[in-house]
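Undergrad: Got a structure here, written out as structure tokens. Questions coming.
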Amino acid sequence: MKIFRCQSCNRVVYFENTQCTNCGTVLGFLPEHFLMSGLAPADADCWRPLAPQAEGRLYRMCQNYSREKVCNWMVPEDSQAAFCEACCFNQIIPDLSVPGNKALWRRIETGKHRLVYSLLRLGLPLVSKQQDPDNGLAFAFLAETPVFAESTHAMTGHKQGLITINIAEADDAQRERMRQNLTEPYRTILGHFRHESGHYYWYRLARRPEWLTEFRHMFGDERQDYASAMRNNYQQGAPADWQSRFVSAYAAAHPWEDWAETWAHYLHIIDVLETAWVFRLRVSPGDDQNHKMSSAPDFDPYRTDSIDQVIDHWLPLTFAVNSLNRSMGQPDLYPFVLSPPVLSKLGFVHQSVRQAATAAP
């Protein structure tokens with residue numbers, strides 16, 4: 001994620017801010033510029049960005065910004081859209097008349113907006129189901145209710161472009177219980193979004209025969225029975241040597257899950273590296289001068305063609321941040337081991353992303 005500054009006072013602001021905490025300027029994210037801008041009121045419901053990159057243009061707040069206060073993205077004034085480039089994918093939102101649902105939805109939206117930021121930065125094909133029912137992407141944010149709890153269960157998952165998220169995942173205590181019950185080292189809302197988006201892009205990419213052949217060579221044959229594979233995973237667990245071949249224990253369940261887990265980790269890596277890059281971090285563990293976090297302005301992890309460059313920067317960075325966490329008595333920030341087969345899979349994901357971005361209209 002980039003660093004953003006308030007154009008009124010030059011104070012650093014976060015991606016989720018709607019107002020500068022120093023001077024009070026209203027803020028809005030301009031997705032076409034990947035930029036957070038201060039806003040000045042203009043005519044009617046329009047706002048004039050203070051960022052010079054958008055000089056001369058007017059914007060409206062996304063309806064989920066102006067009405068619901070769960071978004072901070074802007075829509076060009078000349079657009080007919082009511083929702084921004086992130087909220088236009090929402091198909092179902094929680095029942096806001098239920099106490100607590102809006103707060104959970106706001107947290108869900110934070111993760112979703114970060115996902116959409118990454119997909120746009122990568123230049124991946126991104127279209128809503130409203131625009132393309134067959135190939136588009138949509139989100140359904142579901143909540144269980146006591147009335148239906150015995151007969152229905154709000155599952156987090158993906159099916160034919162529809163990503164569903166159980167909003168209980170936005171409850172920190174509930175999510176931690178689920179993490180412990182499933183013996184997972186990591187479980188976050190953003191992680192769910194990144195994982196499920198991997199299933200969606202498998203669906204988009206696997207239509208090319210040459211791509212599918214290479215996928216099966218790398219991840220295995222996805223035609224094996226999925227329900228049976230998942231049942232075996234939950235009953236027997238991952239194979240004892242899973243760390244030597246997979247990025248997580250869950251990735252060992254089925255080639256589809258291996259792809260989605262690897263895809264999610266690729267998005268983790270790229271976005272964290274961008275944050276490190278814009279903060280101009282340099283890391284040189286011990287006396288090893290061959291691995292340094294680069295502060296060179298020509299290294300944009302979202303745009304590099306070299307997966308080797310990405311990994312060469314990622315490994316020392318994770319060693320450093322994990323060591324910092326341990327010094328504070330905290331668990332590792334990135335509690336995963338990237339074995340050689342996993343690095344090869346990450347390279348395949350990287351290649352697939354670059355090719356899909358090149359082919360995207």
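Convention: chains lettered A, B, ... in structure tokens order; per-chain residue numbering from 1; ligands numbered from 1 as shown.
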Taking the DSSP assignment computed from this structure's backbone, write out as number ranges by chain all residues of segment 100-288 of chain A that belong to strand (DSSP E).

TA: A: 138-142, 157-159, 162-166

Undergrad: Could you take the residues named above and write them with C-alpha atoms, as an mmCIF file, in the first residue's frame?

TA:
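Output (part20.cif):
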data_model
loop_
_atom_site.group_PDB
_atom_site.id
_atom_site.type_symbol
_atom_site.label_atom_id
_atom_site.label_comp_id
_atom_site.auth_asym_id
_atom_site.auth_seq_id
_atom_site.Cartn_x
_atom_site.Cartn_y
_atom_site.Cartn_z
ATOM 1 C CA ALA A 138 -19.644 -10.141 -7.137
ATOM 2 C CA PHE A 139 -19.625 -10.178 -3.337
ATOM 3 C CA ALA A 140 -22.295 -11.376 -0.930
ATOM 4 C CA PHE A 141 -21.807 -10.495 2.731
ATOM 5 C CA LEU A 142 -23.980 -12.881 4.715
ATOM 6 C CA GLY A 157 -16.429 -19.285 -0.277
ATOM 7 C CA HIS A 158 -16.604 -18.816 -4.037
ATOM 8 C CA LYS A 159 -18.921 -20.124 -6.737
ATOM 9 C CA LEU A 162 -19.690 -14.910 -6.476
ATOM 10 C CA ILE A 163 -17.541 -14.547 -3.372
ATOM 11 C CA THR A 164 -19.454 -14.945 -0.126
ATOM 12 C CA ILE A 165 -18.108 -13.798 3.224
ATOM 13 C CA ASN A 166 -19.684 -14.624 6.566
#

Undergrad: Dump as JSON lines the rows for residues of segment 19-119 of chain A within 9 Å of segment 259-267 of chain A: closest atom pair and distance in Å with one decimal, only C-alpha atoms counted, ordered by chain and rising residue number.

TA:
{"residue": "A:Leu115", "atom": "CA", "partner": "A:Leu267", "partner_atom": "CA", "distance": 8.5}
{"residue": "A:Ser118", "atom": "CA", "partner": "A:Leu267", "partner_atom": "CA", "distance": 7.4}
{"residue": "A:Leu119", "atom": "CA", "partner": "A:Leu267", "partner_atom": "CA", "distance": 8.9}

Undergrad: Which residues are near Gly136 of chain A? Cut-off 8 Å, only C-alpha atoms, ignore same chain within fewer than 4 positions. Put them as a PyMOL selection string.

TA: chain A and resi 126-132+161

Undergrad: Grab the residues selected above and save them as a compact mmCIF listing (two decimals), in the first residue's frame with C-alpha atoms.

TA:
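Everything below was put into selection25.txt:
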# COMPACT_ATOMS: atom_id res chain seq x y z
CA LEU A 126 -12.03 -6.86 -13.33
CA VAL A 127 -15.70 -6.60 -14.24
CA SER A 128 -18.86 -6.88 -12.13
CA LYS A 129 -21.59 -9.46 -12.59
CA GLN A 130 -23.96 -6.63 -13.33
CA GLN A 131 -21.85 -5.86 -16.40
CA ASP A 132 -21.03 -9.47 -17.31
CA GLY A 161 -17.67 -15.51 -9.65

Undergrad: For a test of reading the model, state the distance in Å between atom CA of Ala86 of chain A and atom CA of Phe4 of chain A, rounded to one decimal.

TA: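 If I compute the distance from atom CA of Ala86 of chain A to atom CA of Phe4 of chain A, I get 18.7 Å.
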
Undergrad: Which residue gives the smallest distance to Gly24 of chain A among A:Met61, A:Val98, A:Leu346, A:Cys6, with only C-alpha atoms counted?

TA: A:Cys6

Undergrad: When distances are computed from only C-alpha atoms, which of A:Ala238, A:Leu50, A:Cys71, A:Leu281 shows the smallest separation from Cys88 of chain A?

TA: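 Answer, going by the shortest atom-to-atom distance: A:Cys71.
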
Undergrad: Taking 2 positions as the minimum chain separation for residues in the same chain, which residues sit within 9 Å of Phe219 of chain A when counting only C-alpha atoms? Answer as a list in words.

TA: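 Returned residues: Glu214, Phe215, Arg216, His217, Asp221, Glu222, His254, Pro255, Trp256, Asp258, Trp259 and Lys345 of chain A.
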
Undergrad: Can I get the selected residues back with C-alpha atoms, as an mmCIF file, in the first residue's frame?

TA:
data_model
loop_
_atom_site.group_PDB
_atom_site.id
_atom_site.type_symbol
_atom_site.label_atom_id
_atom_site.label_comp_id
_atom_site.auth_asym_id
_atom_site.auth_seq_id
_atom_site.Cartn_x
_atom_site.Cartn_y
_atom_site.Cartn_z
ATOM 1 C CA GLU A 214 1.019 -26.020 -16.948
ATOM 2 C CA PHE A 215 -1.248 -25.553 -13.915
ATOM 3 C CA ARG A 216 -1.803 -29.307 -13.628
ATOM 4 C CA HIS A 217 1.921 -29.939 -13.886
ATOM 5 C CA ASP A 221 -5.080 -32.347 -11.517
ATOM 6 C CA GLU A 222 -8.072 -30.332 -10.321
ATOM 7 C CA HIS A 254 -6.891 -30.026 -3.376
ATOM 8 C CA PRO A 255 -5.185 -28.313 -6.360
ATOM 9 C CA TRP A 256 -7.864 -25.592 -6.351
ATOM 10 C CA ASP A 258 -3.316 -24.960 -3.418
ATOM 11 C CA TRP A 259 -3.757 -22.370 -6.181
ATOM 12 C CA LYS A 345 4.251 -21.998 -7.656
#

Undergrad: From the options A:Arg67, A:His195, A:Arg114, A:Arg187, which residue's atoms come nearest to Pro31 of chain A, counting only C-alpha atoms?

TA: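 The answer is A:Arg114, which sits nearest to Pro31 of chain A.
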
Undergrad: Nearest to Gln309 of chain A: which of A:Ile189, A:Leu333, A:Ile270, A:Val321 is it, counting only C-alpha atoms?

TA: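 When distances to Gln309 of chain A are compared using only C-alpha atoms, the smallest one comes from A:Ile270.
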
Undergrad: Residues within 8 Å of Leu39 of chain A, please, as a PyMOL selection string. Count only C-alpha atoms; anything in the same chain fewer than 2 positions from it doesn't count.

TA: chain A and resi 25-28+37+41+47-50

Undergrad: Just want the 12 Å neighbourhood of segment 303-308 of chain A, counted on only C-alpha atoms, with same-chain residues fewer than 6 positions away dropped. Output as a ChimeraX atom specification.

TA: /A:118,120-124,266,269-271,273-274,291,297,314-315,343-355,357-358

Undergrad: Which parts of segment 62-292 of chain A does DSSP call helix (DSSP H, G or I) when run on the backbone here, written out as a ChimeraX atom specification?

TA: /A:63-66,87-89,101-122,167-170,172-181,189-205,209-219,226-236,242-244,250-253,255-278

Undergrad: Determine the nearest neighbour of Gln160 of chain A from the options A:Arg204, A:His192, A:Arg175, A:Arg106, counting only C-alpha atoms.

TA: A:Arg204

Undergrad: Near Gly237 of chain A, within 10 Å and counting only C-alpha atoms, which residues show up once chain neighbours fewer than 5 positions away are dropped, as a PDB file with N, CA and C atoms, in the first residue's frame?

TA:
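Dumped to around34.pdb:
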ATOM      1  N   MET A 230     -11.817 -32.675   0.214  1.00  0.00           N
ATOM      2  CA  MET A 230     -12.013 -31.831   1.389  1.00  0.00           C
ATOM      3  C   MET A 230     -12.423 -32.665   2.601  1.00  0.00           C
ATOM      4  N   ARG A 231     -13.217 -33.689   2.373  1.00  0.00           N
ATOM      5  CA  ARG A 231     -13.610 -34.564   3.479  1.00  0.00           C
ATOM      6  C   ARG A 231     -12.385 -35.263   4.059  1.00  0.00           C
ATOM      7  N   ASN A 232     -11.509 -35.743   3.204  1.00  0.00           N
ATOM      8  CA  ASN A 232     -10.280 -36.386   3.683  1.00  0.00           C
ATOM      9  C   ASN A 232      -9.398 -35.396   4.431  1.00  0.00           C
ATOM     10  N   ALA A 249      -1.069 -25.822   5.267  1.00  0.00           N
ATOM     11  CA  ALA A 249      -1.649 -27.161   5.383  1.00  0.00           C
ATOM     12  C   ALA A 249      -2.928 -27.267   4.550  1.00  0.00           C
ATOM     13  N   TYR A 250      -3.722 -26.212   4.525  1.00  0.00           N
ATOM     14  CA  TYR A 250      -4.968 -26.235   3.772  1.00  0.00           C
ATOM     15  C   TYR A 250      -4.718 -26.357   2.276  1.00  0.00           C
ATOM     16  N   ALA A 252      -2.793 -28.242   0.838  1.00  0.00           N
ATOM     17  CA  ALA A 252      -2.579 -29.640   0.469  1.00  0.00           C
ATOM     18  C   ALA A 252      -3.887 -30.380   0.204  1.00  0.00           C
ATOM     19  N   ALA A 253      -5.031 -29.751   0.486  1.00  0.00           N
ATOM     20  CA  ALA A 253      -6.311 -30.449   0.382  1.00  0.00           C
ATOM     21  C   ALA A 253      -6.690 -30.782  -1.052  1.00  0.00           C
TER      22      ALA A 253
END

Undergrad: Can you measure atom CA of Arg57 of chain A to atom CA of Trp73 of chain A for me? One decimal in Å is fine.

TA: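 Between these atoms lies a distance of 14.9 Å.
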
Undergrad: I need the residue nearest Ala81 of chain A from this list: A:Tyr59, A:Phe279, A:Tyr201, A:Phe15. Use only C-alpha atoms for the distance.

TA: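 Going through A:Tyr59, A:Phe279, A:Tyr201, A:Phe15 one by one, the smallest distance to Ala81 of chain A is for A:Tyr59.
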
Undergrad: May I ask for the distance between atom CA of Leu137 of chain A and atom CA of Asn90 of chain A, given in Å to one decimal place?

TA: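 Computing it gives 9.0 Å between the two atoms.
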